[in-house]
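Asks: Before I ask anything, let me first share the structure, which is written out below as structure tokens.
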Amino acid sequence: MKPFMKWSAFLILGTFLLSACSEQTATKESVNRDIETKVNYESEPKNTEAELHEEEPKEVSMEELDKESVDETAVIDWELALKELASEGSSKTEKADAAERLARDYKPNDDELADFQKFIVDEFKSGKYLADSGNDAYMLSNIFRSVVVNRSIEESQPISEFAYDFYQNSKFVYRGADTVDSDSVKSNEEQMNKSLQEIK
């Protein structure tokens with residue numbers, strides 16, 4: 001073999017060996033990195049089963065949610081709350097505003113809502129609803145019931161419109177801002193009569 005061919009073969013063989021060595025080094029480094037990652041991952045503290053359960057949000061069934069909402073509603077004794085409100089020394093405006101706030105937070109059940117509707121319609125038809133405007137407990141009850149009906153039923157429904165006009169008259173006459181025979185009260189009553197004709 002000629003000398004230059006020996007050198008060429010030697011160079012090719014050397015290049016091949018260097019290439020093989022660097023691939024092996026790269027593979028070892030890769031393996032070492034994988035091992036370090038695995039060691040670091042495994043060395044992180046694992047949550048105990050109890051801790052895992054604490055972090056998971058608890059699932060609540062629809063029945064439990066319904067029961068909770070019923071319980072919340074049952075907690076509010078609106079009749080007692082209105083009686084206490086009526087006996088306070090605050091102004092009629094403050095009492096009316098407090099009754100309205102109570103009504104806005106109140107969630108009636110279906111039977112109660114039907115009773116409230118019947119009550120305000122009957123009181124209007126009998127002409128009683130403004131007859132005793134000095135009776136705090138009665139007028140606050142009218143305000144409360146009418147706000148609950150208005151807020152619980154779609155505005156487009158005649159009973160909701162009726163309840164709103166009933167509320168307006170009850171509130172403003174009770175507070176002394178209107179009189180029973182004022183134009184605004186009479187105008188609202190005309191609207192209430194129209195709504196009653198549409199109520200099925």
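Scheme for the structure tokens: letters A, B, ... for chains in order shown; per-chain residue numbers from 1; ligand numbers from 1 in order shown.
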Would you pick out the contacts of segment 78-81 of chain A at 8 Å or less, using only C-alpha atoms, so that residues sharing its chain but fewer than 2 positions from it are not included, and give the list as a VMD selection string?
Replies: chain A and resid 76 83 to 85 102 141
Asks: Using only C-alpha atoms, which protein or nucleic acid residues come within 10 Å of Val148 of chain A? Drop anything in the same chain fewer than 2 positions from it, and give the result as a list in words.
Replies: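 Skipping anything fewer than 2 positions along the chain leaves Glu100, Leu102, Ala103, Arg104, Asp105, Tyr106, Lys107, Pro108, Leu113, Phe116, Gln117, Ile143, Phe144, Arg145, Ser146, Asn150, Arg151, Ser152, Ile153, Ser160, Ala163, Tyr164 and Tyr167 of chain A.
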Asks: Pick the closest to Asn142 of chain A from A:Arg175, A:Ala86, A:Asp183, A:Leu130: which is it, counting only C-alpha atoms?
Replies: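 Of the candidates, the smallest distance to Asn142 of chain A is held by A:Leu130.
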Asks: Run DSSP on the backbone and grab whatever in segment 92-160 of chain A lands in helix (DSSP H, G or I); send it over as number ranges by chain.
Replies: A: 92-105, 110-126, 136-152, 158-160
Asks: Go through A:Glu154, A:Asp136, A:Phe162, A:Glu190 one by one, measure the shortest atom-to-atom distance of each to Glu88 of chain A using only C-alpha atoms, and give the residue with the smallest value.
Replies: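 Nearest to Glu88 of chain A: A:Asp136.
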Asks: I need the residue nearest Ile120 of chain A from this list: A:Ile159, A:Val173, A:Ala137, A:Ile199. Use only C-alpha atoms for the distance.
Replies: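 The closest residue to Ile120 of chain A is A:Ile159.
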Asks: Report, in Å to a single decimal, how far apart atom CA of Asp181 of chain A and atom CA of Ala114 of chain A are.
Replies: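 Atom-to-atom, atom CA of Ala114 of chain A to atom CA of Asp181 of chain A, that is 29.3 Å.
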